[in-house]
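coords29.txt follows (compact mmCIF, C-alpha atoms):
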```txt
# COMPACT_ATOMS: atom_id res chain seq x y z
CA MET H 1260 -8.83 0.04 -12.13
CA ARG H 1261 -7.16 3.39 -11.46
CA ALA H 1262 -5.38 3.99 -8.15
CA LYS H 1263 -4.68 7.48 -6.85
CA LEU H 1264 -1.29 7.75 -5.13
CA ILE H 1265 -0.19 10.69 -3.00
CA VAL H 1266 3.57 11.33 -2.71
CA PHE H 1267 5.20 14.08 -0.63
CA PRO H 1268 8.17 14.72 1.72
CA ILE H 1269 7.07 14.29 5.32
CA LYS H 1270 10.18 14.61 7.46
CA GLY H 1271 13.67 15.43 6.28
CA ARG H 1272 14.60 13.05 3.47
CA ASN H 1273 11.76 10.74 4.40
CA TRP H 1274 8.89 10.69 1.91
CA CYS H 1275 5.34 9.48 2.36
CA PHE H 1276 3.76 7.13 -0.18
CA SER H 1277 0.07 6.48 0.32
CA ARG H 1278 -2.98 5.45 -1.70
CA SER H 1279 -6.12 7.50 -1.50
CA ILE H 1280 -8.99 5.63 0.15
CA ASP H 1281 -11.88 4.77 -2.15
CA PRO H 1282 -14.69 2.96 -0.26
CA THR H 1283 -16.47 1.94 -3.47
CA VAL H 1284 -13.36 0.13 -4.72
CA ALA H 1285 -12.93 -1.68 -1.41
CA GLU H 1286 -16.56 -2.80 -1.45
CA ALA H 1287 -16.25 -4.02 -5.04
CA ALA H 1288 -13.11 -6.03 -4.21
CA SER H 1289 -14.72 -7.62 -1.16
CA ALA H 1290 -17.73 -8.62 -3.25
CA TYR H 1291 -15.53 -10.98 -5.28
CA THR H 1292 -14.15 -12.70 -2.18
CA PRO H 1293 -16.10 -15.87 -1.23
CA ASN H 1294 -17.44 -15.87 2.33
CA THR H 1295 -18.39 -19.52 2.72
CA LEU H 1296 -16.88 -22.85 1.78
CA PRO H 1297 -19.62 -23.63 -0.79
CA GLU H 1298 -18.99 -20.29 -2.51
CA LEU H 1299 -15.25 -20.95 -2.49
CA TRP H 1300 -15.71 -24.42 -3.99
CA LYS H 1301 -18.08 -23.05 -6.64
CA ASN H 1302 -15.59 -20.37 -7.71
CA ILE H 1303 -12.68 -22.82 -7.77
CA SER H 1304 -14.68 -25.38 -9.77
CA SER H 1305 -15.66 -22.81 -12.38
CA SER H 1306 -12.07 -21.65 -12.93
CA ASN H 1307 -9.33 -23.48 -14.81
CA SER H 1308 -6.51 -21.22 -13.61
CA SER H 1309 -4.48 -22.67 -10.75
CA SER H 1310 -3.01 -19.27 -9.87
CA HIS H 1311 -6.47 -17.72 -9.70
CA ASN H 1312 -7.72 -20.56 -7.49
CA ALA H 1313 -4.72 -20.14 -5.19
CA GLU H 1314 -5.48 -16.43 -4.81
CA LEU H 1315 -9.12 -17.21 -4.08
CA LEU H 1316 -8.07 -19.62 -1.34
CA ILE H 1317 -5.64 -17.10 0.16
CA ASP H 1318 -8.24 -14.32 0.07
CA PHE H 1319 -10.79 -16.64 1.70
CA MET H 1320 -8.38 -17.49 4.53
CA SER H 1321 -7.43 -13.83 4.92
CA ASN H 1322 -11.10 -12.86 5.18
CA LYS H 1323 -11.65 -15.48 7.90
CA MET H 1324 -8.59 -14.26 9.80
CA ASN H 1325 -9.82 -10.64 9.63
CA LYS H 1326 -13.23 -11.63 11.01
CA ALA H 1327 -11.58 -13.59 13.82
CA TRP H 1328 -9.37 -10.58 14.56
CA MET H 1329 -12.41 -8.31 14.81
CA GLY H 1330 -13.95 -10.82 17.22
CA PHE H 1331 -10.86 -10.63 19.43
CA GLU H 1332 -11.15 -6.84 19.44
CA LYS H 1333 -14.72 -7.02 20.77
CA ALA H 1334 -13.81 -9.55 23.49
CA PRO H 1335 -14.33 -8.52 27.16
CA GLN H 1336 -11.57 -6.50 28.78
CA GLY H 1337 -8.97 -8.70 30.45
CA SER H 1338 -9.99 -11.89 28.65
CA VAL H 1339 -7.49 -14.10 26.79
CA LYS H 1340 -8.82 -12.98 23.41
CA ASN H 1341 -8.56 -9.34 24.44
CA ARG H 1342 -4.93 -9.82 25.54
CA ILE H 1343 -4.13 -11.58 22.29
CA HIS H 1344 -5.61 -8.63 20.41
CA GLY H 1345 -3.47 -6.21 22.42
CA LEU H 1346 -0.33 -8.22 21.66
CA GLY H 1347 -1.23 -8.39 17.97
CA PHE H 1348 -1.87 -4.66 17.87
CA LYS H 1349 1.62 -3.98 19.24
CA LEU H 1350 3.15 -6.29 16.66
CA LEU H 1351 1.18 -4.69 13.83
CA SER H 1352 2.34 -1.23 14.89
CA ARG H 1353 5.90 -2.31 14.03
CA VAL H 1354 5.04 -3.14 10.41
CA LYS H 1355 6.83 -0.72 8.08
CA PRO H 1356 4.62 1.86 6.33
CA SER H 1357 6.15 1.02 2.94
CA GLU H 1358 4.75 -2.50 3.29
CA ILE H 1359 1.26 -1.14 3.91
CA PHE H 1360 1.57 1.07 0.83
CA LEU H 1361 2.77 -1.74 -1.43
CA LYS H 1362 -0.03 -4.02 -0.22
CA SER H 1363 -2.55 -1.42 -1.35
CA ILE H 1364 -1.43 -1.88 -4.99
CA SER H 1365 -3.54 -4.87 -5.99
CA LYS H 1366 -3.36 -6.87 -9.21
CA GLU H 1367 -6.55 -5.17 -10.44
CA VAL H 1368 -4.77 -1.80 -10.70
CA THR H 1369 -4.05 -0.92 -14.32
CA HIS H 1370 -3.31 2.81 -13.99
CA VAL H 1371 -1.84 4.98 -11.25
CA GLU H 1372 -2.53 8.67 -10.83
CA VAL H 1373 0.35 10.19 -8.87
CA THR H 1374 -0.33 13.46 -7.05
CA TYR H 1375 2.73 15.28 -5.71
CA PRO H 1376 3.65 18.83 -4.56
CA TYR H 1377 3.96 21.33 -7.39
CA SER H 1378 7.43 22.34 -6.19
CA LEU H 1379 8.95 18.87 -6.70
CA ASN H 1380 10.58 17.59 -9.85
CA ALA H 1381 8.27 15.12 -11.61
CA ARG H 1382 11.15 12.90 -12.70
CA LEU H 1383 12.37 12.68 -9.10
CA VAL H 1384 8.90 11.60 -7.94
CA ARG H 1385 8.77 8.85 -10.54
CA ARG H 1386 12.30 7.76 -9.64
CA ARG H 1387 11.37 7.49 -5.96
CA LEU H 1388 8.33 5.38 -6.86
CA ARG H 1389 10.50 3.02 -8.88
CA HIS H 1390 12.98 2.84 -6.02
CA ILE H 1391 10.40 1.87 -3.39
CA ALA H 1392 8.96 -0.71 -5.80
CA MET H 1393 12.36 -2.26 -6.63
CA SER H 1394 13.54 -2.36 -3.02
CA GLY H 1395 10.17 -3.75 -1.93
CA SER H 1396 10.37 -6.60 -4.41
CA ILE H 1397 13.77 -7.62 -3.05
CA ILE H 1398 12.97 -7.21 0.66
CA HIS H 1399 9.54 -8.85 0.70
CA LYS H 1400 10.65 -11.77 -1.46
CA ARG H 1401 13.40 -12.47 1.08
CA TYR H 1402 11.06 -12.20 4.07
CA LEU H 1403 8.39 -14.27 2.31
CA TYR H 1404 10.79 -17.17 1.86
CA GLY H 1405 11.94 -16.79 5.48
CA SER H 1406 8.38 -16.80 6.84
CA VAL H 1407 7.44 -19.87 4.80
CA ALA H 1408 10.61 -21.66 5.97
CA ILE H 1409 9.88 -21.24 9.69
CA LEU H 1410 6.13 -21.88 9.35
CA PRO H 1411 6.48 -25.68 9.89
CA LEU H 1412 8.50 -25.02 13.06
CA THR H 1413 5.75 -22.90 14.62
CA SER H 1414 3.19 -25.64 13.92
CA ALA H 1415 4.86 -27.64 16.73
CA PHE H 1416 3.08 -25.36 19.23
CA MET H 1417 -0.24 -26.90 18.18
CA VAL H 1418 0.15 -29.47 20.98
CA LEU H 1419 -0.31 -26.74 23.58
CA PRO H 1420 -3.84 -26.03 24.89
CA LEU H 1421 -3.41 -22.30 24.18
CA PRO H 1422 -3.96 -20.62 20.78
CA ASN H 1423 -0.91 -21.08 18.55
CA ILE H 1424 -0.07 -17.39 18.29
CA PRO H 1425 3.41 -17.90 16.71
CA PHE H 1426 1.93 -20.01 13.88
CA PHE H 1427 -0.84 -17.57 13.00
CA TRP H 1428 1.51 -14.58 13.27
CA VAL H 1429 4.07 -16.16 10.92
CA LEU H 1430 1.25 -17.20 8.59
CA PHE H 1431 -0.07 -13.64 8.55
CA ARG H 1432 3.41 -12.24 7.93
CA ALA H 1433 3.94 -14.64 5.03
CA TYR H 1434 0.63 -13.51 3.52
CA SER H 1435 1.49 -9.85 4.11
CA HIS H 1436 4.92 -10.17 2.47
CA TRP H 1437 3.34 -12.01 -0.46
CA ARG H 1438 0.84 -9.19 -0.97
CA ALA H 1439 3.57 -6.55 -0.66
CA LEU H 1440 5.73 -8.47 -3.15
CA GLN H 1441 2.88 -8.56 -5.66
CA GLY H 1442 2.21 -4.87 -5.08
CA SER H 1443 5.85 -3.89 -5.58
CA GLU H 1444 6.08 -5.87 -8.83
CA LYS H 1445 2.82 -4.36 -10.07
CA LEU H 1446 3.89 -0.81 -9.17
CA LEU H 1447 7.27 -1.28 -10.85
CA GLN H 1448 5.51 -2.48 -13.99
CA LEU H 1449 3.12 0.49 -14.00
CA VAL H 1450 5.71 3.23 -13.50
CA SER H 1451 8.18 1.73 -15.96
CA ASP H 1452 6.10 0.81 -19.03
CA SER H 1453 5.44 4.13 -20.73
CA PRO H 1454 6.24 4.51 -24.45
CA ASN H 1455 7.27 8.06 -25.39
CA ALA H 1456 6.65 9.14 -21.78
CA GLU H 1457 10.16 10.47 -21.33
CA ASN H 1458 9.70 12.91 -24.24
CA ILE H 1459 6.55 14.33 -22.74
CA GLN H 1460 8.20 14.45 -19.32
CA ASP H 1461 11.09 16.47 -20.73
CA MET H 1462 8.60 18.93 -22.22
CA LYS H 1463 6.94 19.31 -18.83
CA GLU H 1464 10.22 19.93 -17.06
CA SER H 1465 11.32 22.53 -19.61
CA LYS H 1466 8.11 24.51 -19.05
CA THR H 1467 6.96 23.65 -15.54
CA LYS H 1468 4.77 26.72 -15.28
CA SER H 1469 2.94 26.16 -18.55
CA ASP H 1470 -0.62 24.93 -18.04
CA HIS H 1471 -0.69 23.72 -21.63
CA ILE H 1472 2.25 21.39 -21.12
CA GLU H 1473 0.87 20.26 -17.76
CA HIS H 1474 -2.38 19.37 -19.53
CA MET H 1475 -0.40 17.28 -22.02
CA ILE H 1476 0.94 15.24 -19.12
CA LYS H 1477 -2.56 14.39 -17.95
CA LYS H 1478 -4.16 13.91 -21.37
CA PRO H 1479 -2.69 10.58 -22.64
CA ARG H 1480 -4.80 7.66 -21.45
CA ASN H 1481 -2.69 4.83 -22.82
CA PHE H 1482 0.01 5.47 -20.22
CA PRO H 1483 -0.14 3.30 -17.07
CA TRP H 1484 0.83 6.33 -14.96
CA VAL H 1485 -0.20 9.97 -14.83
CA LEU H 1486 1.71 12.66 -12.91
CA GLN H 1487 -0.37 15.46 -11.43
CA PRO H 1488 1.41 18.31 -9.61
CA SER H 1489 -0.74 19.85 -6.90
CA LYS H 1490 -0.44 23.45 -5.73
CA GLU H 1491 -2.78 22.72 -2.80
CA LEU H 1492 -0.45 19.98 -1.56
CA LYS H 1493 2.53 22.31 -1.92
CA GLU H 1494 0.81 24.91 0.28
CA LEU H 1495 0.00 22.33 2.95
CA LEU H 1496 3.66 21.29 3.12
CA GLN H 1497 4.66 24.76 4.32
CA TYR H 1498 3.46 24.00 7.86
CA GLU H 1499 6.52 22.44 9.49
CA ASN H 1500 7.43 21.93 13.14
CA GLU H 1501 10.71 22.42 14.95
CA ASN H 1502 11.99 18.96 13.98
CA ASN H 1503 12.19 19.87 10.29
CA GLY H 1504 9.12 17.85 9.42
CA LEU H 1505 5.43 18.31 8.86
CA SER H 1506 3.33 19.14 11.89
CA LYS H 1507 0.58 16.75 12.89
CA CYS H 1508 -1.93 19.45 12.06
CA ALA H 1509 -0.60 19.65 8.49
CA ILE H 1510 -0.62 15.85 8.20
CA SER H 1511 -4.23 15.78 9.37
CA LYS H 1512 -5.21 18.38 6.76
CA ILE H 1513 -3.42 16.47 3.98
CA CYS H 1514 -5.11 13.21 4.97
CA LYS H 1515 -8.51 14.88 5.04
CA THR H 1516 -8.00 16.65 1.72
CA PHE H 1517 -6.69 13.63 -0.20
CA ASN H 1518 -8.58 10.86 1.68
CA LEU H 1519 -5.56 9.19 3.26
CA ASN H 1520 -5.31 6.93 6.30
CA THR H 1521 -3.86 9.16 9.02
CA ASN H 1522 -2.31 6.30 11.01
CA ASP H 1523 -0.48 5.00 7.94
CA VAL H 1524 0.85 8.46 7.09
CA LEU H 1525 2.02 9.02 10.68
CA LYS H 1526 4.03 5.79 10.44
CA PHE H 1527 6.11 7.42 7.70
CA TRP H 1528 6.58 10.43 9.97
CA ARG H 1529 7.73 8.26 12.92
CA SER H 1530 9.97 5.98 10.84
CA MET H 1531 12.70 8.63 10.47
```
Could the structure of this file be written out as structure tokens, please?
Amino acid sequence: MRAKLIVFPIKGRNWCFSRSIDPTVAEAASAYTPNTLPELWKNISSSNSSSHNAELLIDFMSNKMNKAWMGFEKAPQGSVKNRIHGLGFKLLSRVKPSEIFLKSISKEVTHVEVTYPYSLNARLVRRRLRHIAMSGSIIHKRYLYGSVAILPLTSAFMVLPLPNIPFFWVLFRAYSHWRALQGSEKLLQLVSDSPNAENIQDMKESKTKSDHIEHMIKKPRNFPWVLQPSKELKELLQYENENNGLSKCAISKICKTFNLNTNDVLKFWRSM
């Protein structure tokens, strides 16, 4: 599977990293996730891989939690479920945008196509991708262990007649950190394993305005990553506001042009 990544400066030294939305890929991934217990048991019974079975179980639980969350969203205004949804929405708004980006890099991704402004240095873009992947692997591994450690403590609230919000929140955070950890490790693998890539990259940097050399960057298919400078993205970055960052109008145009989630991109803008 090929993932299209969009990388660009959004505010000062803060960069935005986002994956282009592909509805067909999302539908294909959801088709492999079991929806019922019989389907889950059938898939687990037919597989001899313990790691694969564990991922199936986690995906099944995640799917159930997402459906329950959607039910809370549709609850009547002022009800307990509606208030729980409002509290959860506030907590989710504090999740770092880099975590959302790393979670979008699934294990099925085998190639990444990185689109970045034509004015940026390609080696710098690749270095920033490696940096966010390396730092993500360290941070999310630490938070994953922390979430799993306090999970038994939150289970003590099960004795209360109310929904055990702390338990489900910590469980969700553990799952989220696990997904982000897997994504960071996968991204680091993809942007690092490239035989003879540095030689081609040096050729591109020595002749940045040569279409022939730029075509050579895109041509090899055995590389796990492809760098694609975009003149259109460079032009959209020229619309800045008084705070030395992209205007919301420019962000909206970029998201529409490259099929990005506007809320996720705005989180990068607000995080500085």
Subject >> Who sits within 12 Å of Ile1513 in chain H, all atoms listed in the file, same chain under 5 positions skipped, as a ChimeraX atom specification >> reply: /H:1265-1269,1275,1277,1279,1374-1376,1489,1491-1498,1505-1508,1518-1521,1524-1525
Residue subset to file, keeping C-alpha atoms, as a PDB file, in the coordinates of the input:
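Result written to again-v7.pdb:
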```pdb
ATOM      1  CA  ILE H1265      -0.190  10.690  -3.000  1.00  0.00           C
ATOM      2  CA  VAL H1266       3.570  11.330  -2.710  1.00  0.00           C
ATOM      3  CA  PHE H1267       5.200  14.080  -0.630  1.00  0.00           C
ATOM      4  CA  PRO H1268       8.170  14.720   1.720  1.00  0.00           C
ATOM      5  CA  ILE H1269       7.070  14.290   5.320  1.00  0.00           C
ATOM      6  CA  CYS H1275       5.340   9.480   2.360  1.00  0.00           C
ATOM      7  CA  SER H1277       0.070   6.480   0.320  1.00  0.00           C
ATOM      8  CA  SER H1279      -6.120   7.500  -1.500  1.00  0.00           C
ATOM      9  CA  THR H1374      -0.330  13.460  -7.050  1.00  0.00           C
ATOM     10  CA  TYR H1375       2.730  15.280  -5.710  1.00  0.00           C
ATOM     11  CA  PRO H1376       3.650  18.830  -4.560  1.00  0.00           C
ATOM     12  CA  SER H1489      -0.740  19.850  -6.900  1.00  0.00           C
ATOM     13  CA  GLU H1491      -2.780  22.720  -2.800  1.00  0.00           C
ATOM     14  CA  LEU H1492      -0.450  19.980  -1.560  1.00  0.00           C
ATOM     15  CA  LYS H1493       2.530  22.310  -1.920  1.00  0.00           C
ATOM     16  CA  GLU H1494       0.810  24.910   0.280  1.00  0.00           C
ATOM     17  CA  LEU H1495       0.000  22.330   2.950  1.00  0.00           C
ATOM     18  CA  LEU H1496       3.660  21.290   3.120  1.00  0.00           C
ATOM     19  CA  GLN H1497       4.660  24.760   4.320  1.00  0.00           C
ATOM     20  CA  TYR H1498       3.460  24.000   7.860  1.00  0.00           C
ATOM     21  CA  LEU H1505       5.430  18.310   8.860  1.00  0.00           C
ATOM     22  CA  SER H1506       3.330  19.140  11.890  1.00  0.00           C
ATOM     23  CA  LYS H1507       0.580  16.750  12.890  1.00  0.00           C
ATOM     24  CA  CYS H1508      -1.930  19.450  12.060  1.00  0.00           C
ATOM     25  CA  ASN H1518      -8.580  10.860   1.680  1.00  0.00           C
ATOM     26  CA  LEU H1519      -5.560   9.190   3.260  1.00  0.00           C
ATOM     27  CA  ASN H1520      -5.310   6.930   6.300  1.00  0.00           C
ATOM     28  CA  THR H1521      -3.860   9.160   9.020  1.00  0.00           C
ATOM     29  CA  VAL H1524       0.850   8.460   7.090  1.00  0.00           C
ATOM     30  CA  LEU H1525       2.020   9.020  10.680  1.00  0.00           C
TER      31      LEU H1525
END
```
**OP:** Select, from H:Val1354, H:Ile1424, H:Met1260, H:Val1450, the residue with the minimum atom-to-atom distance to Ala1392 in chain H, counting only C-alpha atoms.
**Re:** H:Val1450
**OP:** Return the single residue from H:Arg1389, H:Tyr1402, H:Ile1510, H:Ala1334 that is closest to Ser1451 in chain H, with distances computed using only C-alpha atoms.
**Re:**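 Nearest to Ser1451 in chain H: H:Arg1389.
Minimum distance to Gln1487 in chain H across H:Arg1438, H:Lys1366, H:Lys1526, H:Arg1385 (counting all atoms listed in the file) occurs at H:Arg1385.
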**OP:** Rounded to one decimal place, report the CA of Gly1347 in chain H-CA of Asn1522 in chain H distance in Å.
**Re:**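 Value for the CA of Gly1347 in chain H-CA of Asn1522 in chain H distance: 16.3 Å.
With distances restricted to all atoms listed in the file, H:Lys1355 is the closest residue to Ser1530 in chain H from H:Lys1355, H:Arg1342, H:Lys1349, H:Arg1261.
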Subject >> Selection: 12 Å around range 1407-1416 of chain H, only C-alpha atoms, excl. self and same-chain fewer than 2 positions, as a PyMOL selection string >> reply: chain H and resi 1399-1405+1418-1437
**OP:** Could you tell me which of H:Cys1514, H:Val1485, H:Leu1351, H:Met1417 comes closest to Arg1278 in chain H if we count only C-alpha atoms?
**Re:** H:Cys1514
